[in-house]
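Pasting protein39.cif here (mmCIF, C-alpha atoms):
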data_data
loop_
_atom_site.label_atom_id
_atom_site.label_comp_id
_atom_site.auth_asym_id
_atom_site.auth_seq_id
_atom_site.Cartn_x
_atom_site.Cartn_y
_atom_site.Cartn_z
CA MET A 1 -9.12 188.83 86.10
CA SER A 2 -9.51 186.54 89.09
CA GLU A 3 -6.46 185.18 90.87
CA GLU A 4 -5.79 181.48 91.06
CA PRO A 5 -6.77 180.13 94.50
CA GLU A 6 -3.87 179.28 96.80
CA TRP A 7 -5.00 175.69 97.03
CA SER A 8 -4.49 175.25 93.28
CA GLU A 9 -0.71 174.98 93.84
CA HIS A 10 -1.32 171.84 95.81
CA ARG A 11 -3.62 170.06 93.44
CA ALA A 12 -2.81 166.47 92.58
CA ASP A 13 -0.46 166.09 89.64
CA PRO A 14 -2.51 164.64 86.80
CA THR A 15 0.61 163.05 85.32
CA PRO A 16 0.39 159.24 85.52
CA PRO A 17 2.66 157.66 88.18
CA SER A 18 4.62 155.76 85.57
CA ARG A 19 5.72 159.06 83.99
CA ALA A 20 5.99 161.18 87.12
CA HIS A 21 9.31 159.60 88.12
CA GLY A 22 10.80 159.17 84.69
CA ARG A 23 12.82 155.99 84.27
CA HIS A 24 12.50 155.15 87.98
CA GLY A 25 8.82 154.58 87.56
CA THR A 26 9.14 152.13 84.66
CA ARG A 27 9.56 148.41 85.08
CA ARG A 28 13.16 147.52 84.30
CA SER A 29 14.33 144.41 82.48
CA PRO A 30 16.82 141.91 83.99
CA SER A 31 19.45 143.09 81.50
CA ASP A 32 19.07 146.67 82.78
CA LEU A 33 19.43 145.51 86.37
CA TRP A 34 22.52 143.46 85.50
CA ARG A 35 24.04 146.42 83.65
CA ASP A 36 23.58 148.66 86.68
CA PHE A 37 24.98 146.01 89.02
CA LYS A 38 27.98 145.43 86.76
CA ASP A 39 28.81 149.14 86.72
CA SER A 40 28.38 149.52 90.47
CA PRO A 41 30.95 148.86 93.24
CA PHE A 42 28.84 145.91 94.36
CA LEU A 43 30.10 143.55 91.64
CA PRO A 44 33.79 143.52 92.67
CA ALA A 45 32.73 143.44 96.33
CA THR A 46 30.53 140.39 95.68
CA VAL A 47 33.27 138.68 93.71
CA LEU A 48 35.69 139.33 96.58
CA VAL A 49 33.26 137.76 99.07
CA LEU A 50 33.11 134.59 96.96
CA ILE A 51 36.88 134.55 96.36
CA LEU A 52 37.68 135.00 100.04
CA ALA A 53 35.31 132.21 101.03
CA ALA A 54 36.84 129.86 98.46
CA GLY A 55 40.35 130.98 99.43
CA ALA A 56 39.69 130.21 103.10
CA GLY A 57 38.65 126.67 102.24
CA LEU A 58 41.55 126.13 99.85
CA PHE A 59 44.03 127.53 102.37
CA ALA A 60 42.85 125.21 105.12
CA GLY A 61 42.58 122.28 102.73
CA SER A 62 46.03 122.64 101.19
CA TYR A 63 47.82 122.80 104.54
CA THR A 64 45.72 119.98 106.04
CA TYR A 65 46.28 117.77 102.99
CA ALA A 66 50.04 118.28 103.11
CA MET A 67 50.74 118.39 106.85
CA ALA A 68 47.97 116.84 108.94
CA ASN A 69 48.96 113.21 108.38
CA PRO A 70 52.50 113.04 106.91
CA THR A 71 53.30 109.62 105.47
CA PRO A 72 56.74 108.57 104.22
CA HIS A 73 57.20 107.61 100.59
CA HIS A 74 60.37 105.90 99.35
CA VAL A 75 62.74 107.26 101.98
CA PRO A 76 66.39 106.93 100.79
CA VAL A 77 68.49 105.13 103.41
CA ALA A 78 72.19 104.23 103.30
CA VAL A 79 73.14 100.63 104.14
CA VAL A 80 76.68 99.74 105.24
CA GLY A 81 78.38 96.41 105.85
CA LYS A 82 77.30 92.81 105.43
CA PRO A 83 75.24 91.03 108.08
CA ASP A 84 76.03 87.44 109.11
CA SER A 85 72.76 86.48 107.49
CA ALA A 86 70.79 88.21 104.79
CA LYS A 87 67.78 87.35 106.90
CA ASP A 88 68.92 89.77 109.61
CA ARG A 89 68.85 92.74 107.27
CA SER A 90 65.68 91.75 105.45
CA ALA A 91 63.84 91.20 108.72
CA PHE A 92 64.80 94.63 110.06
CA VAL A 93 64.10 96.39 106.75
CA ALA A 94 60.73 94.68 106.41
CA GLY A 95 59.88 95.58 109.99
CA MET A 96 60.84 99.23 109.41
CA GLU A 97 58.80 99.41 106.22
CA LYS A 98 55.81 97.98 108.03
CA ALA A 99 56.21 100.38 110.95
CA LEU A 100 56.63 103.40 108.67
CA GLY A 101 53.97 102.34 106.20
CA SER A 102 56.29 102.88 103.24
CA SER A 103 59.18 101.36 101.34
CA LEU A 104 62.80 102.19 102.08
CA GLU A 105 65.00 103.06 99.14
CA LEU A 106 68.21 101.26 100.13
CA ARG A 107 71.51 102.62 98.84
CA HIS A 108 74.55 100.47 99.58
CA PHE A 109 77.89 101.96 100.61
CA ARG A 110 81.12 100.16 101.31
CA THR A 111 82.18 102.20 104.33
CA GLN A 112 80.57 104.20 107.10
CA GLN A 113 82.50 107.27 105.95
CA ASN A 114 80.98 107.07 102.48
CA ALA A 115 77.52 106.74 103.98
CA ARG A 116 78.05 109.78 106.21
CA HIS A 117 79.23 111.73 103.18
CA ALA A 118 75.89 110.86 101.57
CA ILE A 119 74.15 112.35 104.63
CA GLU A 120 76.17 115.56 104.24
CA ALA A 121 75.31 115.70 100.55
CA GLN A 122 71.59 115.29 101.45
CA GLN A 123 71.31 112.12 99.40
CA VAL A 124 69.99 109.92 102.25
CA PHE A 125 68.11 110.52 105.51
CA ALA A 126 69.65 107.77 107.65
CA VAL A 127 72.47 105.22 107.75
CA MET A 128 71.74 101.63 108.68
CA ARG A 129 74.32 99.00 109.63
CA VAL A 130 73.00 95.50 110.41
CA GLU A 131 75.59 93.16 111.94
CA ARG A 132 75.63 90.58 114.69
CA PRO A 133 76.39 90.46 117.57
CA GLU A 134 76.28 94.25 117.74
CA GLY A 135 72.80 94.38 116.22
CA VAL A 136 71.65 97.40 114.26
CA GLU A 137 73.29 100.80 114.21
CA LEU A 138 70.78 103.36 112.98
CA ASP A 139 72.27 106.81 112.40
CA ILE A 140 69.67 109.46 111.75
CA SER A 141 70.03 113.10 110.68
CA SER A 142 67.53 115.50 112.25
CA ALA A 143 69.00 118.32 110.16
CA SER A 144 68.12 116.42 106.97
CA GLY A 145 64.47 116.21 108.00
CA ALA A 146 63.24 116.43 111.58
CA SER A 147 59.95 114.66 110.87
CA VAL A 148 61.68 111.77 109.07
CA ALA A 149 64.30 111.44 111.82
CA GLN A 150 61.60 111.36 114.48
CA LEU A 151 59.80 108.51 112.71
CA PHE A 152 63.03 106.50 112.45
CA GLN A 153 63.92 107.17 116.07
CA GLN A 154 60.54 105.90 117.25
CA ALA A 155 60.24 102.92 114.90
CA GLY A 156 63.82 101.54 115.07
CA PRO A 157 63.92 100.28 118.68
CA LYS A 158 60.39 98.86 118.41
CA VAL A 159 61.25 96.86 115.30
CA GLY A 160 64.50 95.65 116.85
CA LYS A 161 62.66 94.42 119.92
CA LYS A 162 60.19 92.48 117.77
CA ILE A 163 62.87 90.61 115.81
CA GLY A 164 65.20 90.21 118.81
CA VAL A 165 67.97 92.50 117.58
CA PRO A 166 69.30 95.40 119.68
CA VAL A 167 69.06 98.77 117.92
CA GLN A 168 71.29 101.74 118.71
CA VAL A 169 70.05 105.11 117.42
CA ARG A 170 72.37 108.11 117.05
CA ASP A 171 71.78 111.56 115.64
CA LEU A 172 74.62 112.50 113.32
CA LYS A 173 73.29 115.99 112.49
CA PRO A 174 71.18 117.38 115.34
CA LEU A 175 69.18 120.58 115.01
CA ASN A 176 70.12 123.85 116.66
CA LYS A 177 69.19 123.98 120.35
CA GLY A 178 66.94 126.97 119.80
CA ASP A 179 64.99 125.12 117.10
CA PRO A 180 64.27 121.60 118.45
CA ARG A 181 61.46 120.92 115.98
CA GLY A 182 63.26 122.24 112.92
CA LEU A 183 60.57 124.79 112.00
CA ALA A 184 62.53 128.05 112.28
CA ILE A 185 63.82 127.88 108.70
CA PHE A 186 60.28 127.33 107.44
CA TYR A 187 59.03 130.32 109.44
CA ILE A 188 61.70 132.75 108.23
CA SER A 189 61.20 131.63 104.64
CA LEU A 190 57.43 132.00 105.03
CA ALA A 191 57.93 135.52 106.39
CA ALA A 192 60.13 136.45 103.42
CA VAL A 193 57.59 135.08 100.92
CA ILE A 194 54.54 136.79 102.41
CA ILE A 195 56.18 140.13 103.21
CA GLY A 196 57.71 140.03 99.73
CA PHE A 197 54.41 140.15 97.86
CA VAL A 198 52.63 142.22 100.53
CA GLY A 199 55.35 144.84 100.03
CA ALA A 200 54.70 144.86 96.29
CA ILE A 201 50.97 145.26 96.95
CA GLN A 202 51.64 148.24 99.21
CA LEU A 203 53.90 149.82 96.59
CA SER A 204 51.11 149.48 94.04
CA VAL A 205 48.67 151.22 96.43
CA HIS A 206 50.76 153.86 98.20
CA ALA A 207 53.51 154.45 95.63
CA ARG A 208 51.45 153.99 92.51
CA ARG A 209 53.31 156.64 90.50
CA LEU A 210 56.64 154.81 90.57
CA ASN A 211 57.98 154.11 87.09
CA PRO A 212 59.20 150.58 86.24
CA PRO A 213 62.91 151.06 87.12
CA GLU A 214 61.94 152.79 90.35
CA ARG A 215 59.47 150.05 91.25
CA ILE A 216 62.11 147.34 90.76
CA ALA A 217 64.65 149.38 92.76
CA TYR A 218 62.27 149.86 95.70
CA THR A 219 61.30 146.18 95.64
CA LEU A 220 65.00 145.34 95.89
CA ALA A 221 65.44 147.91 98.67
CA TYR A 222 62.74 146.53 100.95
CA ALA A 223 63.90 142.98 100.16
CA LEU A 224 67.46 143.74 101.28
CA LEU A 225 66.36 145.58 104.40
CA GLY A 226 63.62 143.07 105.25
CA GLY A 227 65.93 140.09 104.80
CA PHE A 228 68.48 141.70 107.12
CA VAL A 229 65.87 142.35 109.82
CA ILE A 230 64.48 138.78 109.66
CA ALA A 231 67.96 137.27 110.00
CA ALA A 232 68.91 139.69 112.80
CA VAL A 233 65.76 138.97 114.83
CA VAL A 234 66.00 135.18 114.52
CA ASP A 235 69.77 134.92 115.08
CA TRP A 236 70.91 137.91 117.15
CA GLY A 237 67.62 138.61 118.90
CA LEU A 238 66.11 135.20 119.64
CA GLY A 239 69.09 132.89 119.15
CA ALA A 240 66.81 130.29 117.51
CA LEU A 241 69.25 129.62 114.68
CA GLU A 242 72.98 130.04 114.26
CA LEU A 243 72.87 131.53 110.80
CA PRO A 244 75.74 132.10 108.40
CA PHE A 245 74.51 135.66 108.59
CA VAL A 246 75.42 137.20 105.24
CA HIS A 247 74.56 134.03 103.34
CA SER A 248 71.16 133.65 105.04
CA TRP A 249 70.43 137.36 104.70
CA LEU A 250 71.00 137.26 100.93
CA ILE A 251 68.81 134.14 100.56
CA LEU A 252 65.99 135.91 102.42
CA ALA A 253 66.48 139.06 100.35
CA LEU A 254 66.37 137.09 97.09
CA THR A 255 63.22 135.33 98.30
CA MET A 256 61.50 138.62 99.17
CA PHE A 257 62.52 140.23 95.88
CA THR A 258 61.31 137.21 93.89
CA SER A 259 57.99 137.14 95.73
CA GLY A 260 57.49 140.87 95.20
CA MET A 261 58.27 140.68 91.51
CA VAL A 262 55.96 137.70 91.03
CA PHE A 263 53.06 139.85 92.27
CA THR A 264 54.24 142.75 90.09
CA MET A 265 54.29 140.43 87.07
CA PHE A 266 50.73 139.24 87.70
CA ASN A 267 49.62 142.82 88.38
CA THR A 268 50.96 143.74 84.95
CA LEU A 269 49.20 140.84 83.26
CA ILE A 270 45.79 140.80 84.96
CA GLY A 271 45.55 144.03 86.92
CA ARG A 272 43.62 144.23 90.17
CA TRP A 273 43.10 140.45 90.44
CA ALA A 274 46.86 139.77 90.64
CA MET A 275 46.55 138.63 94.23
CA LEU A 276 44.76 135.46 93.13
CA PRO A 277 47.59 133.75 91.18
CA THR A 278 50.20 135.17 93.58
CA TRP A 279 48.42 133.70 96.61
CA GLY A 280 47.88 130.43 94.74
CA VAL A 281 51.51 129.96 93.69
CA MET A 282 53.19 131.29 96.83
CA VAL A 283 50.86 130.30 99.67
CA LEU A 284 48.30 127.67 98.68
CA LEU A 285 50.75 125.56 96.67
CA GLY A 286 54.25 126.81 97.45
CA ASN A 287 54.39 126.84 101.25
CA PRO A 288 52.77 123.45 102.02
CA SER A 289 55.02 121.79 99.44
CA SER A 290 58.21 123.62 100.50
CA GLY A 291 59.49 120.82 102.75
CA GLY A 292 59.95 123.24 105.62
CA ALA A 293 57.23 122.07 108.01
CA VAL A 294 57.10 118.49 106.71
CA SER A 295 60.06 116.88 104.93
CA TRP A 296 59.63 116.11 101.23
CA PRO A 297 59.63 112.29 101.68
CA LEU A 298 56.57 112.65 103.93
CA LEU A 299 54.57 114.90 101.59
CA PRO A 300 52.12 113.57 99.00
CA SER A 301 54.34 112.60 96.07
CA VAL A 302 53.02 115.26 93.67
CA LEU A 303 53.56 118.07 96.18
CA GLY A 304 57.02 116.78 97.00
CA GLU A 305 58.05 117.07 93.36
CA ILE A 306 56.37 120.40 92.63
CA GLY A 307 57.64 122.13 95.76
CA ARG A 308 61.28 122.08 94.70
CA TRP A 309 60.51 124.25 91.67
CA LEU A 310 58.53 126.98 93.41
CA PRO A 311 60.09 129.96 95.23
CA PRO A 312 59.04 128.92 98.79
CA GLY A 313 60.52 125.43 98.40
CA ALA A 314 63.69 126.78 96.80
CA SER A 315 64.08 129.29 99.64
CA VAL A 316 63.69 126.62 102.34
CA ASN A 317 66.09 124.32 100.51
CA ALA A 318 68.76 127.00 100.08
CA GLN A 319 68.45 128.19 103.68
CA HIS A 320 68.47 124.66 105.07
CA THR A 321 71.64 123.82 103.19
CA ALA A 322 73.34 127.07 104.21
CA VAL A 323 72.63 126.47 107.91
CA TYR A 324 73.25 122.73 108.27
CA PHE A 325 75.27 121.60 105.23
CA PRO A 326 77.50 124.55 104.30
CA ASP A 327 80.16 122.34 102.70
CA HIS A 328 77.71 120.78 100.23
CA GLN A 329 75.89 123.69 98.63
CA LEU A 330 73.19 122.94 96.07
CA LEU A 331 72.86 125.04 92.91
CA GLN A 332 69.25 124.17 92.10
CA PRO A 333 67.42 126.31 94.72
CA TYR A 334 69.36 129.43 93.73
CA LEU A 335 68.62 128.80 90.05
CA VAL A 336 64.92 128.37 90.82
CA LEU A 337 64.74 131.67 92.71
CA ALA A 338 66.81 133.48 90.08
CA VAL A 339 64.70 132.19 87.17
CA TRP A 340 61.44 133.20 88.86
CA ALA A 341 62.86 136.65 89.63
CA LEU A 342 64.27 137.20 86.13
CA VAL A 343 61.14 135.98 84.34
CA SER A 344 58.95 138.18 86.55
CA CYS A 345 61.14 141.23 85.88
CA ALA A 346 61.22 140.49 82.14
CA VAL A 347 57.43 140.17 81.90
CA PHE A 348 56.92 143.35 83.91
CA TRP A 349 59.44 145.26 81.81
CA THR A 350 58.14 143.98 78.47
CA TRP A 351 54.51 144.85 79.24
CA ARG A 352 55.18 147.76 81.59
CA HIS A 353 52.73 149.92 79.65
CA ARG A 354 49.96 147.66 80.96
CA HIS A 355 50.94 148.06 84.61
CA PRO A 356 48.37 150.19 86.48
CA GLY A 357 51.10 152.32 88.06
CA GLY A 358 53.63 154.83 86.77
CA ARG A 359 53.64 158.49 85.83
CA ASP A 360 52.16 159.88 82.61
CA ARG A 361 55.22 161.19 80.81
CA THR A 362 53.23 162.40 77.82
CA ALA A 363 51.15 164.70 79.98
CA ALA A 364 54.25 165.93 81.78
CA HIS A 365 55.97 166.82 78.50
CA ALA A 366 52.83 168.52 77.19
CA ALA A 367 52.61 170.68 80.29
CA ALA A 368 56.25 171.71 80.13
CA PRO A 369 57.06 175.20 78.75
CA GLY A 370 57.72 175.20 75.02
#
Take the structure I supplied and represent it as C-alpha cells, if you would.
Amino acid sequence: MSEEPEWSEHRADPTPPSRAHGRHGTRRSPSDLWRDFKDSPFLPATVLVLILAAGAGLFAGSYTYAMANPTPHHVPVAVVGKPDSAKDRSAFVAGMEKALGSSLELRHFRTQQNARHAIEAQQVFAVMRVERPEGVELDISSASGASVAQLFQQAGPKVGKKIGVPVQVRDLKPLNKGDPRGLAIFYISLAAVIIGFVGAIQLSVHARRLNPPERIAYTLAYALLGGFVIAAVVDWGLGALELPFVHSWLILALTMFTSGMVFTMFNTLIGRWAMLPTWGVMVLLGNPSSGGAVSWPLLPSVLGEIGRWLPPGASVNAQHTAVYFPDHQLLQPYLVLAVWALVSCAVFWTWRHRHPGGRDRTAAHAAAPG
C-alpha cells in the first residue's frame, strides 16, 4: 500500500471560503452587528463620550448664562425719611433704575435704625435717604451681596451728579479683609458639594462591599472630617474668613453628607449612570444658582428662585448668614439641606436591595458551618 505523498498535507482545502471560517465567513445582518456592539464594552464607552461632550457644553453654558452678564432684577431697597420734594426722590430713584437697568423695590421705614435692622435681617440690600440740603445718603451692605453693593457704589454718585444732588455712599456691612470680592463662601461651599458626591463615588468603587448602615456611617465620617479640614484651611490656614468655627464646620459637614447621599440615592435608583442627575442637580443647576458668586437679585429670575431650594444654594445661604449675620439666623437653608439628606437616606434605605454595593449575606450564611 503506497504512502500518501508529503505534499498532500498541504493541498488546498476544498471547503468553500464561506464555510471555512464558520460564522466569521458569513455576511452578518445589521441586527447581529448591533447585538454584538450592545454586548461589548464599546457601547458604554461611546455613550460616555457623547455624555461628556454634552456635559462640557452644558457646564460652560450654565455658568456663562448665570454669571457672565449679571443684571439686577427688582432689588429691594429701604427708603428712610421724607424729602423736601417728592421730585427729589423720584429723580434719584429713576436715575438709579436707569443706571442699573432694573426696577428698585422700595420699602419705606420710619427710622434709620429700622432700615438698618432690615439690612441685618437680609430683607434689603441698601438704605436710601433723600433729603435736602444734605442730598442722598446711600448705605450699602457688601456682606448682603458684593456684586449688588458694587453696582450701587458705582451708580449712586454718577446719578447724583446728573441730577445735581450730592451722594454719600457708606458700607454698613463690609466683607472680611481676606475676602474682598466675597467669593470665599462660594468656594468653600462648592468644595463641600463636589467632594461630598465624589466621596460617595469613591466609596461605591473602593468600598463596594459596605452594607447600607456602614455606607451611611462612612459618608457621615468623611463629611465631618472634610468639613473640619475645609474650615481649618480657610480660617486658620489662610485667614480668608473669620468663621464661627463650629457653626461653619457643621454647615460644611451637612453639605458634604447631603451631597454624598444624593449620589447614593441616584446610584440606588439608576445604577452606574447616577453621576448624570447628581452632576445636573449639584453642579449644572445648583452652583450657578446658589447666589455665592453672583447675588440672587442679579441672577436670571428663574435661577434665583430655584437656587434657594437646592443644596448648594442652601449651603451658601446658611454659611453667609453664619459669618455675616449671626444674630439673624434663617431656618430655611437648614431645612432644605436636612430634607434633601433625609429623603436621600430614606430612598437609599427603602430600595437598598437595588444598590450595586453591599455584601451577600445569603451566601455568607450558606457557607457557615451547620
I'd like a table as a tab-separated table: residues in stretch 147-258 of chain A with an atom no more than 9 Å from stretch 325-344 of chain A, each row giving the shortest atom pair and its distance in Å to one decimal, all atoms listed in the file counted, sorted by chain and rising residue number.
residue	atom	partner	partner_atom	distance
A:Pro244	CA	A:Pro326	CA	8.8
A:Ile251	CA	A:Tyr334	CA	8.3
A:Leu254	CA	A:Leu337	CA	7.2
A:Thr255	CA	A:Leu337	CA	6.9
A:Phe257	CA	A:Ala341	CA	7.2
A:Thr258	CA	A:Ala341	CA	4.6
Which residues would end up in the selection if the PyMOL selection byres ((chain A and resi 309-314) around 9) were applied here, given that I need the answer as a count of residues only? 35
Hey, which of A:Gly101, A:Gly178, A:Pro212, A:Gly135 ends up closest to A:Arg359? Count only C-alpha atoms. A:Pro212
Would you be able to write out as a PyMOL selection string which residues have an atom within 10 Å of (59.1, 105.8, 97.3) in the file's coordinates, counting all atoms listed in the file? chain A and resi 72-76+102-105+297-298+301
Smallest atom-to-atom distance to A:Gly95: which of A:Leu172, A:Val159, A:Val323, A:Ile194, using all atoms listed in the file? A:Val159
Can you give me, as a PyMOL selection string, the residues this file yields under the PyMOL selection byres ((chain A and resi 229) around 12)? chain A and resi 188+191-192+195+222-228+230-237+245-246+248-250+252-253
Top pick for closest residue to A:Leu48, considering A:Arg116, A:Arg129, A:Arg272, A:His108 and counting only C-alpha atoms: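 Smallest distance to A:Leu48 is found for A:Arg272.
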Provide the atom CA of A:Glu214 to atom CA of A:Leu276 distance in Å, to one decimal place.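 Atom CA of A:Glu214 sits 24.6 Å away from atom CA of A:Leu276.
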Using all atoms listed in the file, the best pick from A:Ala143, A:Val148, A:Phe125, A:Phe92 as closest to A:Lys162 would be A:Phe92
Atom CA of A:Leu210 to atom CA of A:His355, distance in Å rounded to a single decimal: 10.7 Å
